[in-house]
file protein_38.cif (mmCIF, C-alpha atoms)
data_upload
#
loop_
_atom_site.label_atom_id
_atom_site.label_comp_id
_atom_site.auth_asym_id
_atom_site.auth_seq_id
_atom_site.Cartn_x
_atom_site.Cartn_y
_atom_site.Cartn_z
CA MET A 16 -39.27 -66.41 -1.57
CA VAL A 17 -39.01 -67.24 -5.27
CA ARG A 18 -42.29 -69.11 -5.26
CA ASP A 19 -44.01 -66.29 -3.43
CA THR A 20 -42.73 -63.79 -5.93
CA LEU A 21 -43.69 -65.85 -8.94
CA HIS A 22 -47.16 -66.44 -7.58
CA ASP A 23 -47.67 -62.80 -6.79
CA ILE A 24 -49.05 -61.63 -10.10
CA PRO A 25 -49.47 -57.94 -9.20
CA VAL A 26 -45.87 -57.85 -8.00
CA LEU A 27 -44.73 -59.52 -11.18
CA LYS A 28 -46.65 -57.03 -13.25
CA MET A 29 -45.21 -54.18 -11.27
CA MET A 30 -41.71 -55.55 -11.63
CA THR A 31 -42.10 -56.00 -15.36
CA LEU A 32 -43.61 -52.62 -15.98
CA TYR A 33 -41.20 -50.86 -13.72
CA PHE A 34 -38.19 -52.61 -15.13
CA LEU A 35 -39.17 -52.03 -18.74
CA GLY A 36 -40.39 -48.52 -18.16
CA SER A 37 -37.59 -47.28 -16.03
CA LEU A 38 -34.87 -49.38 -17.54
CA TRP A 39 -33.18 -46.32 -18.86
CA TYR A 40 -34.67 -43.68 -16.72
CA PRO A 41 -33.76 -43.74 -13.05
CA MET A 42 -33.81 -39.96 -12.98
CA ASP A 43 -35.83 -39.14 -9.93
CA GLN A 44 -39.01 -40.40 -8.48
CA LEU A 45 -41.09 -37.45 -9.50
CA THR A 46 -39.66 -36.92 -12.95
CA SER A 47 -39.81 -40.60 -13.73
CA MET A 48 -43.57 -40.41 -13.42
CA ARG A 49 -43.70 -37.77 -16.12
CA LEU A 50 -44.00 -39.03 -19.61
CA LEU A 51 -42.05 -36.53 -21.69
CA PRO A 52 -38.63 -36.58 -19.98
CA ARG A 53 -38.96 -40.30 -19.56
CA ILE A 54 -39.52 -40.80 -23.26
CA LEU A 55 -36.68 -38.43 -24.11
CA GLU A 56 -34.15 -40.26 -22.03
CA SER A 57 -35.40 -43.61 -23.20
CA VAL A 58 -34.78 -42.45 -26.77
CA ALA A 59 -31.32 -41.22 -25.81
CA CYS A 60 -30.46 -44.54 -24.25
CA ALA A 61 -31.88 -46.45 -27.18
CA ALA A 62 -29.47 -44.45 -29.32
CA TRP A 63 -26.66 -45.82 -27.17
CA VAL A 64 -27.66 -49.37 -27.98
CA LEU A 65 -28.72 -48.85 -31.58
CA PRO A 66 -25.20 -48.69 -33.10
CA THR A 67 -24.43 -52.08 -31.63
CA VAL A 68 -27.33 -53.49 -33.63
CA VAL A 69 -27.07 -51.43 -36.81
CA GLU A 70 -23.28 -51.61 -37.06
CA TRP A 71 -23.18 -55.24 -36.11
CA GLY A 72 -20.77 -56.08 -38.91
CA ARG A 73 -18.16 -53.71 -37.58
CA ALA A 74 -18.67 -54.71 -34.00
CA ARG A 75 -18.45 -58.38 -34.82
CA THR A 76 -14.88 -58.02 -36.02
CA SER A 77 -13.69 -56.81 -32.66
CA ARG A 78 -12.05 -59.56 -30.65
CA LEU A 79 -13.16 -57.91 -27.44
CA MET A 80 -16.86 -58.18 -28.16
CA PRO A 81 -17.39 -61.51 -26.34
CA LEU A 82 -15.84 -59.96 -23.26
CA LEU A 83 -18.09 -56.91 -23.42
CA TRP A 84 -21.21 -58.95 -24.06
CA ALA A 85 -20.24 -61.15 -21.14
CA ALA A 86 -20.02 -58.06 -18.97
CA LEU A 87 -23.52 -57.03 -20.01
CA VAL A 88 -25.01 -60.49 -19.54
CA LEU A 89 -23.43 -60.88 -16.12
CA GLY A 90 -24.71 -57.48 -15.11
CA VAL A 91 -28.24 -58.16 -16.27
CA LEU A 92 -28.22 -61.56 -14.59
CA ALA A 93 -27.30 -59.85 -11.35
CA PHE A 94 -30.64 -58.06 -11.38
CA ILE A 95 -32.62 -61.27 -11.19
CA PRO A 96 -31.77 -62.23 -7.60
CA TYR A 97 -32.16 -58.60 -6.62
CA ALA A 98 -35.62 -58.46 -8.15
CA ILE A 99 -36.63 -61.71 -6.45
CA ARG A 100 -35.17 -60.72 -3.09
CA TYR A 101 -36.72 -57.29 -2.94
CA ARG A 102 -39.60 -57.84 -5.36
CA GLN A 103 -38.59 -54.79 -7.32
CA SER A 104 -36.05 -53.73 -9.85
CA GLU A 105 -33.61 -50.92 -9.43
CA ALA A 106 -32.79 -49.28 -12.71
CA ARG A 107 -29.84 -47.52 -11.13
CA LEU A 108 -28.02 -50.83 -11.10
CA LEU A 109 -27.81 -50.64 -14.86
CA PHE A 110 -25.35 -47.80 -14.53
CA HIS A 111 -22.91 -50.38 -13.22
CA LEU A 112 -22.79 -51.56 -16.82
CA LEU A 113 -22.06 -48.16 -18.23
CA PRO A 114 -18.38 -48.84 -18.99
CA ALA A 115 -19.36 -51.95 -20.93
CA PHE A 116 -22.07 -50.05 -22.83
CA THR A 117 -19.55 -47.31 -23.52
CA ALA A 118 -17.04 -49.77 -24.91
CA LEU A 119 -19.66 -51.47 -27.07
CA TRP A 120 -20.83 -48.13 -28.40
CA ALA A 121 -17.29 -46.98 -29.19
CA ILE A 122 -16.46 -50.14 -31.10
CA SER A 123 -19.76 -50.08 -32.97
CA VAL A 124 -19.75 -46.48 -34.16
CA GLY A 125 -16.18 -46.63 -35.38
CA PRO A 126 -13.96 -43.67 -36.10
CA ARG A 127 -16.71 -41.24 -37.16
CA PRO A 128 -19.28 -41.17 -34.41
CA THR A 129 -20.92 -37.82 -35.21
CA ARG A 130 -24.29 -39.11 -36.34
CA TRP A 131 -24.66 -41.58 -33.49
CA THR A 132 -23.41 -39.04 -30.98
CA TRP A 133 -26.08 -36.53 -31.88
CA MET A 134 -28.75 -39.20 -31.85
CA ALA A 135 -27.88 -39.84 -28.23
CA LEU A 136 -27.10 -36.27 -27.25
CA ALA A 137 -30.10 -34.47 -28.74
CA PRO A 138 -32.74 -36.14 -26.50
CA CYS A 139 -30.54 -35.49 -23.46
CA LEU A 140 -30.32 -31.82 -24.32
CA VAL A 141 -34.09 -31.59 -24.78
CA ALA A 142 -34.57 -33.42 -21.48
CA TRP A 143 -32.39 -30.81 -19.75
CA VAL A 144 -34.53 -28.08 -21.31
CA VAL A 145 -37.62 -29.77 -19.86
CA ILE A 146 -35.95 -30.16 -16.47
CA PHE A 147 -34.84 -26.52 -16.39
CA GLY A 148 -38.26 -25.42 -17.58
CA ARG A 149 -39.93 -27.26 -14.73
CA TYR A 150 -37.36 -25.91 -12.31
CA ALA A 151 -37.98 -22.34 -13.47
CA ALA A 152 -41.71 -22.87 -13.18
CA GLY A 153 -41.20 -24.05 -9.60
CA MET B 15 -3.51 -30.40 -23.63
CA ASN B 16 -5.32 -29.48 -26.83
CA ARG B 17 -6.53 -33.01 -27.44
CA PHE B 18 -8.18 -33.04 -24.05
CA ARG B 19 -10.13 -29.85 -24.54
CA HIS B 20 -13.36 -31.68 -25.32
CA LEU B 21 -12.94 -33.80 -22.22
CA PHE B 22 -12.36 -30.75 -20.05
CA ALA B 23 -15.33 -28.95 -21.59
CA ALA B 24 -17.58 -31.96 -21.08
CA LEU B 25 -16.44 -32.35 -17.47
CA LEU B 26 -16.98 -28.65 -16.86
CA VAL B 27 -20.52 -28.67 -18.26
CA GLY B 28 -21.36 -31.99 -16.62
CA GLY B 29 -19.87 -30.77 -13.36
CA LEU B 30 -21.93 -27.60 -13.37
CA LEU B 31 -25.14 -29.51 -14.04
CA ARG B 32 -24.33 -31.89 -11.20
CA VAL B 33 -23.51 -29.07 -8.80
CA LEU B 34 -26.88 -27.54 -9.60
CA LEU B 35 -28.58 -30.86 -8.88
CA ALA B 36 -26.52 -31.29 -5.69
CA CYS B 37 -27.63 -27.92 -4.38
CA GLN B 38 -31.27 -28.14 -5.42
CA THR B 39 -32.30 -31.77 -4.99
CA PRO B 40 -34.02 -32.19 -1.61
CA THR B 41 -32.74 -34.79 0.81
CA GLY B 42 -35.78 -35.03 3.02
CA PHE B 43 -38.39 -37.74 3.02
CA GLU B 44 -40.84 -37.28 0.14
CA ALA B 45 -39.54 -33.75 -0.48
CA PHE B 46 -39.88 -32.00 -3.81
CA ARG B 47 -38.55 -28.71 -5.05
CA GLY B 48 -38.51 -27.11 -8.46
CA GLY B 49 -39.50 -30.30 -10.19
CA LEU B 50 -36.66 -32.21 -8.49
CA SER B 51 -37.47 -34.87 -5.97
CA TRP B 52 -35.76 -36.73 -3.16
CA TYR B 53 -34.47 -40.22 -3.87
CA ASN B 54 -35.80 -42.81 -1.51
CA ASP B 55 -32.61 -44.38 -0.21
CA GLU B 56 -30.27 -41.40 -0.10
CA LEU B 57 -31.29 -40.71 3.48
CA ALA B 58 -30.12 -44.16 4.50
CA HIS B 59 -26.75 -43.62 2.82
CA LEU B 60 -26.40 -40.21 4.44
CA ASN B 61 -27.13 -41.79 7.81
CA TYR B 62 -24.33 -44.30 7.22
CA VAL B 63 -21.84 -41.46 6.65
CA ARG B 64 -23.21 -39.51 9.58
CA HIS B 65 -22.86 -42.54 11.81
CA LEU B 66 -19.21 -43.03 10.80
CA VAL B 67 -18.45 -39.40 11.54
CA GLU B 68 -20.35 -39.05 14.79
CA GLU B 69 -19.83 -42.48 16.32
CA ARG B 70 -16.39 -43.23 14.85
CA ALA B 71 -17.58 -46.81 14.40
CA PHE B 72 -19.26 -48.95 11.81
CA PRO B 73 -23.03 -48.98 12.15
CA GLU B 74 -24.90 -52.12 13.06
CA LYS B 75 -27.50 -53.58 10.77
CA VAL B 76 -30.67 -52.39 12.42
CA GLY B 77 -33.46 -52.50 9.89
CA SER B 78 -34.74 -53.87 6.66
CA VAL B 79 -35.91 -52.01 3.62
CA LYS B 80 -39.13 -54.00 3.94
CA ALA B 81 -39.86 -52.71 7.43
CA PRO B 82 -42.65 -50.16 7.80
CA ASP B 83 -41.39 -46.60 7.55
CA ALA B 84 -37.97 -47.84 6.49
CA PHE B 85 -37.48 -44.97 4.07
CA ARG B 86 -38.58 -42.43 6.62
CA ARG B 87 -36.05 -43.72 9.18
CA GLY B 88 -33.31 -44.40 6.65
CA ASP B 89 -31.65 -47.18 8.62
CA PHE B 90 -31.61 -50.03 6.14
CA GLU B 91 -28.29 -49.52 4.36
CA TYR B 92 -26.03 -50.33 7.29
CA TYR B 93 -25.23 -53.75 5.85
CA GLN B 94 -23.30 -52.17 2.98
CA PRO B 95 -19.52 -52.51 2.73
CA PRO B 96 -17.89 -49.39 4.12
CA LEU B 97 -15.30 -48.13 1.65
CA ALA B 98 -17.42 -45.54 -0.17
CA TYR B 99 -18.74 -44.18 3.11
CA LEU B 100 -15.26 -44.03 4.58
CA ALA B 101 -14.28 -41.91 1.59
CA GLN B 102 -17.26 -39.62 2.13
CA ALA B 103 -16.71 -39.20 5.85
CA PRO B 104 -13.87 -36.64 5.54
CA ALA B 105 -15.97 -34.64 3.06
CA TRP B 106 -18.86 -34.70 5.51
CA MET B 107 -16.59 -33.51 8.32
CA LEU B 108 -15.17 -30.75 6.14
CA GLY B 109 -18.66 -29.60 5.18
CA GLU B 110 -19.77 -29.58 8.80
CA ARG B 111 -16.70 -27.61 9.76
CA ILE B 112 -17.29 -24.98 7.06
CA GLN B 113 -21.00 -24.69 7.71
CA PRO B 114 -22.69 -26.82 10.37
CA GLY B 115 -25.50 -28.85 8.86
CA MET B 116 -23.97 -28.87 5.39
CA GLY B 117 -22.11 -32.15 5.57
CA TRP B 118 -24.61 -33.69 3.19
CA LEU B 119 -23.71 -31.13 0.49
CA ALA B 120 -19.98 -31.78 0.84
CA ALA B 121 -20.67 -35.50 0.50
CA ARG B 122 -22.68 -34.86 -2.64
CA LEU B 123 -19.88 -32.73 -4.09
CA LEU B 124 -17.45 -35.58 -3.49
CA GLU B 125 -19.84 -37.89 -5.33
CA ILE B 126 -19.67 -35.49 -8.25
CA VAL B 127 -15.89 -35.82 -8.29
CA PHE B 128 -16.21 -39.61 -8.43
CA SER B 129 -18.76 -39.31 -11.24
CA LEU B 130 -16.57 -37.03 -13.30
CA LEU B 131 -13.56 -39.27 -12.82
CA ALA B 132 -15.68 -42.20 -14.01
CA ILE B 133 -16.51 -40.22 -17.15
CA ALA B 134 -12.82 -39.62 -17.76
CA VAL B 135 -12.07 -43.32 -17.39
CA ALA B 136 -14.95 -44.26 -19.71
CA ARG B 137 -13.55 -41.81 -22.25
CA SER B 138 -10.18 -43.48 -22.06
CA ILE B 139 -11.82 -46.90 -22.58
CA ALA B 140 -13.61 -45.64 -25.68
CA HIS B 141 -10.53 -43.90 -27.01
CA ARG B 142 -8.44 -47.01 -26.51
CA LEU B 143 -10.93 -49.27 -28.28
CA ALA B 144 -11.92 -46.90 -31.08
CA PRO B 145 -9.81 -43.77 -31.45
CA GLY B 146 -12.00 -40.80 -32.21
CA THR B 147 -14.91 -41.83 -30.04
CA GLY B 148 -13.59 -40.70 -26.67
CA ASP B 149 -14.83 -37.13 -26.82
CA ALA B 150 -18.30 -38.22 -27.93
CA VAL B 151 -18.49 -40.62 -25.01
CA ALA B 152 -17.40 -37.91 -22.59
CA TRP B 153 -20.16 -35.58 -23.78
CA MET B 154 -22.81 -38.29 -23.77
CA LEU B 155 -22.00 -39.33 -20.23
CA ALA B 156 -21.66 -35.77 -19.01
CA LEU B 157 -25.09 -34.80 -20.34
CA HIS B 158 -27.01 -37.97 -19.51
CA PRO B 159 -29.68 -36.68 -17.09
CA GLY B 160 -30.21 -39.90 -15.18
CA LEU B 161 -26.51 -40.48 -14.73
CA ALA B 162 -26.06 -36.88 -13.62
CA TYR B 163 -28.83 -37.22 -11.04
CA GLN B 164 -27.71 -40.56 -9.65
CA GLY B 165 -24.09 -39.48 -9.75
CA THR B 166 -24.92 -36.55 -7.52
CA LEU B 167 -26.84 -38.26 -4.74
CA VAL B 168 -24.96 -39.75 -1.82
CA SER B 169 -24.67 -43.51 -2.08
CA ASN B 170 -21.97 -46.02 -2.80
CA ASP B 171 -22.81 -46.09 -6.50
CA PRO B 172 -20.68 -43.27 -7.98
CA PHE B 173 -17.58 -44.63 -6.27
CA PHE B 174 -18.50 -48.10 -7.49
CA TRP B 175 -18.94 -46.84 -11.07
CA LEU B 176 -15.48 -45.29 -10.94
CA LEU B 177 -13.88 -48.48 -9.65
CA ALA B 178 -15.86 -50.61 -12.11
CA ALA B 179 -14.72 -48.44 -15.01
CA LEU B 180 -11.09 -48.75 -13.90
CA TYR B 181 -11.55 -52.49 -13.48
CA LEU B 182 -13.04 -52.93 -16.96
CA ARG B 183 -10.30 -50.77 -18.45
CA THR B 184 -7.68 -53.01 -16.87
CA VAL B 185 -9.47 -56.17 -18.01
CA LEU B 186 -9.74 -54.92 -21.59
CA GLU B 187 -6.00 -54.34 -21.62
CA LEU B 188 -5.18 -57.84 -20.40
CA PRO B 189 -5.26 -59.49 -23.84
CA ARG B 190 -3.13 -56.66 -25.13
CA ASN B 191 -0.34 -57.27 -22.70
CA GLY B 192 -1.64 -54.71 -20.25
CA PRO B 193 -0.63 -54.74 -16.60
CA SER B 194 -2.59 -57.09 -14.41
CA TRP B 195 -1.53 -55.83 -10.98
CA PRO B 196 -4.23 -53.10 -10.81
CA LEU B 197 -6.84 -55.87 -10.78
CA PHE B 198 -5.86 -56.87 -7.27
CA PRO B 199 -6.48 -53.62 -5.41
CA LEU B 200 -9.41 -52.81 -7.67
CA ALA B 201 -11.15 -56.10 -6.97
CA ALA B 202 -10.57 -55.60 -3.27
CA ALA B 203 -11.89 -52.04 -3.38
CA LEU B 204 -14.91 -53.09 -5.42
CA PHE B 205 -15.89 -55.71 -2.89
CA LEU B 206 -15.40 -53.28 -0.06
CA THR B 207 -17.72 -50.87 -1.86
CA LYS B 208 -20.63 -52.95 -3.08
CA SER B 209 -21.39 -56.64 -3.16
CA SER B 210 -22.62 -56.26 -6.75
CA ALA B 211 -18.92 -56.47 -7.64
CA VAL B 212 -19.35 -60.21 -7.84
CA VAL B 213 -20.69 -59.84 -11.40
CA LEU B 214 -17.36 -58.36 -12.49
CA LEU B 215 -15.23 -61.20 -11.16
CA PRO B 216 -15.44 -63.52 -14.18
CA LEU B 217 -14.22 -60.88 -16.60
CA PRO B 218 -10.45 -61.31 -16.09
CA PHE B 219 -10.87 -65.04 -16.60
CA LEU B 220 -12.79 -64.43 -19.83
CA ALA B 221 -10.20 -61.92 -20.97
CA VAL B 222 -7.43 -64.48 -20.93
CA THR B 223 -9.31 -67.40 -22.41
CA PRO B 224 -7.48 -68.82 -25.43
CA PRO B 225 -9.54 -67.25 -28.25
CA LEU B 226 -9.03 -63.76 -26.94
CA VAL B 227 -5.41 -64.22 -26.04
CA ASP B 228 -4.76 -65.99 -29.28
CA ASP B 229 -5.66 -62.83 -31.18
CA PHE B 230 -2.77 -61.08 -29.57
CA ARG B 231 -0.39 -63.98 -29.23
CA PRO B 232 2.31 -62.48 -31.48
CA ARG B 233 2.67 -59.71 -28.95
CA ARG B 234 2.99 -62.14 -26.04
CA PRO B 235 5.33 -64.98 -27.02
CA CYS B 236 5.68 -66.34 -23.49
CA TRP B 237 1.98 -67.14 -23.22
CA PRO B 238 0.48 -69.15 -21.59
CA GLY B 239 3.03 -69.67 -18.87
CA TRP B 240 2.13 -66.60 -16.86
CA ARG B 241 -1.45 -65.97 -17.84
CA PRO B 242 -3.53 -67.85 -15.28
CA ARG B 243 -1.71 -66.16 -12.46
CA PRO B 244 -3.31 -62.68 -12.50
CA PRO B 245 -6.90 -63.90 -12.47
CA GLY B 246 -6.02 -66.47 -9.86
CA THR B 247 -4.54 -63.89 -7.58
CA CYS B 248 -7.45 -61.61 -8.36
CA ALA B 249 -9.83 -64.34 -7.23
CA THR B 250 -7.92 -64.82 -4.01
CA TRP B 251 -8.11 -61.12 -3.22
CA SER B 252 -11.74 -60.98 -4.15
CA CYS B 253 -12.67 -63.95 -2.00
CA THR B 254 -10.84 -62.38 0.92
CA THR B 255 -12.50 -59.02 0.63
CA ALA B 256 -15.87 -60.53 -0.25
CA SER B 257 -16.12 -61.71 3.32
CA TRP B 258 -17.18 -58.21 4.35
CA PRO B 259 -20.44 -57.98 2.41
CA TRP B 260 -21.07 -61.65 3.12
CA ARG B 261 -20.71 -61.15 6.84
CA ARG B 262 -22.82 -58.02 6.73
CA ALA B 263 -25.52 -59.75 4.73
CA MET B 264 -25.62 -62.76 7.03
CA ALA B 265 -25.51 -60.83 10.27
CA PRO B 266 -28.72 -61.05 12.30
CA PRO B 267 -30.50 -57.75 12.82
CA THR B 268 -29.41 -56.06 16.02
CA TRP B 269 -32.42 -54.04 16.90
CA SER B 270 -30.76 -52.80 20.06
CA ALA B 271 -28.31 -50.70 18.09
CA THR B 272 -28.88 -47.00 18.17
CA PRO B 273 -30.51 -45.95 14.92
CA CYS B 274 -28.82 -42.95 13.42
CA THR B 275 -31.84 -41.01 12.35
CA THR B 276 -31.59 -37.64 10.74
CA SER B 277 -33.20 -34.54 12.07
CA ARG B 278 -33.19 -32.92 8.68
CA SER B 279 -36.58 -33.45 7.16
CA SER B 280 -38.04 -32.06 4.02
CA ARG B 281 -36.45 -28.90 2.89
#

call {"tool": "encode", "arguments": {"input": "protein_38.cif", "output": "structure tokens"}}
result
Amino acid sequence: MVRDTLHDIPVLKMMTLYFLGSLWYPMDQLTSMRLLPRILESVACAAWVLPTVVEWGRARTSRLMPLLWAALVLGVLAFIPYAIRYRQSEARLLFHLLPAFTALWAISVGPRPTRWTWMALAPCLVAWVVIFGRYAAG
Amino acid sequence: MNRFRHLFAALLVGGLLRVLLACQTPTGFEAFRGGLSWYNDELAHLNYVRHLVEERAFPEKVGSVKAPDAFRRGDFEYYQPPLAYLAQAPAWMLGERIQPGMGWLAARLLEIVFSLLAIAVARSIAHRLAPGTGDAVAWMLALHPGLAYQGTLVSNDPFFWLLAALYLRTVLELPRNGPSWPLFPLAAALFLTKSSAVVLLPLPFLAVTPPLVDDFRPRRPCWPGWRPRPPGTCATWSCTTASWPWRRAMAPPTWSATPCTTSRSSR
């Protein structure tokens, strides 16, 4: 199974593209093919991760960080057998890690999260406008 | 009450968005409406719930996701552990009783409840780790479109997210002298919901490793005498309950079982 998957270049390409492209956007199978809402939510999700990188100094002082990183690594590792078994990735599985992402974000942004909050919220709000616009247009 | 007003507002807005998605997202095979599309495996999850309600028995594993027309038949999720579907079955029955043919909507509405509860738990995690961030987290999760969509569709995921959030919250409290007993039923429930729970098992062990515990040692003078016990018991429970997904995964396909196909096609 593993050898078959690794030798199947088109499948590998599909897995890679799908996983990278839909990593943060398992919205629905029609919307996920549309570029604009996909980009918007990707930006929103990048804003979730960004504080962990930018505010690394603050996050590093938290004694719980190894635990949270372990949760993320374990979760991501869990995708590998899934991808090999089914020759696809399922971005929805990443939501299993949401509590860990939430905890990392909270520690990273510190007591005044306004700027980071809006960086994550604004693309979501625009995405909802796009979704409602498409819904209204039928 | 006042300090929870942001949480309530976020849950209200997030709940309304999810109810809209629940009512408008088609359930049929390759169905689209108003820019919203079906999701390929929801039909299989719905069939699981329908089978529990109509047959009063666990479904047999009848098909594979790789089989031709698997998504059209929706019979490839029967290997899943049953807890989430057992929780959805009463909602399905209630929906069918109120309006025949609307069991799927009642199941979706229950999924919304699980999703909103998960948001509340995530808020409490954030608030506990960094006071002042809880409300922001509640709004971000409530308005995340992908999470709203996936948290509306019928599957075992929203229930799993809720349990996983409770589990992580308990684990994060372990080094701070938090109670360990919730780990036992949570680990059991997680394994009876989704086999992906295996990735969460190492966390209690990591939480009580010496460097982490050492940070809080002044608050726990009797350490380490009692510490290994909670994760050990957790592991025992987990191994016991893990037998369900293992048995389901290893079971040979029983093609003779009656497939529980749906008659509700594209809306």

call {"tool": "atom_distance", "arguments": {"input": "protein_38.cif", "atom1": "atom CA of Ala62 of chain A", "atom2": "atom CA of Ala135 of chain A"}}
result
5.0 Å

call {"tool": "resolve_selection", "arguments": {"input": "protein_38.cif", "expression": "the PyMOL selection byres ((chain B and resi 200) around 10)", "output": "PyMOL selection string"}}
result
chain B and resi 177-178+180-182+184+195-199+201-206+248+251-252

call {"tool": "atom_distance", "arguments": {"input": "protein_38.cif", "atom1": "atom CA of Gly48 of chain B", "atom2": "atom CA of Gly28 of chain B"}}
result
19.6 Å

call {"tool": "residues_around", "arguments": {"input": "protein_38.cif", "residues": "Leu82 of chain A", "least_positions_apart": "6", "cutoff": "9 Å", "atoms": "all atoms listed in the file", "output": "list in words"}}
result
Leu186, Leu217, Leu220, Ala221 and Leu226 of chain B

call {"tool": "resolve_selection", "arguments": {"input": "protein_38.cif", "expression": "the PyMOL selection byres ((chain B and resi 146) around 12)", "output": "list of chain:residue names"}}
result
A:Ala121, A:Ile122, A:Val124, A:Gly125, A:Pro126, A:Arg127, A:Pro128, A:Thr129, A:Thr132, B:Arg17, B:Phe18, B:His20, B:Arg137, B:Ser138, B:Ile139, B:Ala140, B:His141, B:Arg142, B:Leu143, B:Ala144, B:Pro145, B:Thr147, B:Gly148, B:Asp149, B:Ala150, B:Val151, B:Ala152

call {"tool": "axis_aligned_box", "arguments": {"input": "protein_38.cif", "around": "segment 111-120 of chain A", "padding_each_side": "3 Å", "output": "AutoDock Vina command-line options"}}
result
--center_x -20.0 --center_y -49.6 --center_z -20.8 --size_x 11.9 --size_y 10.6 --size_z 21.2

call {"tool": "atom_distance", "arguments": {"input": "protein_38.cif", "atom1": "atom CA of Leu51 of chain A", "atom2": "atom CA of Ala156 of chain B"}}
result
20.6 Å

call {"tool": "closest_residue", "arguments": {"input": "protein_38.cif", "among": "A:Cys60, A:Ala118, A:Leu65, A:Ile54", "to": "chain B", "atoms": "all atoms listed in the file"}}
result
A:Ala118

call {"tool": "residues_around", "arguments": {"input": "protein_38.cif", "residues": "Glu68 of chain B", "least_positions_apart": "3", "cutoff": "10 Å", "atoms": "all atoms listed in the file", "output": "list in words"}}
result
Val63, Arg64, His65, Ala71, Ala103, Met107 and Cys274 of chain B
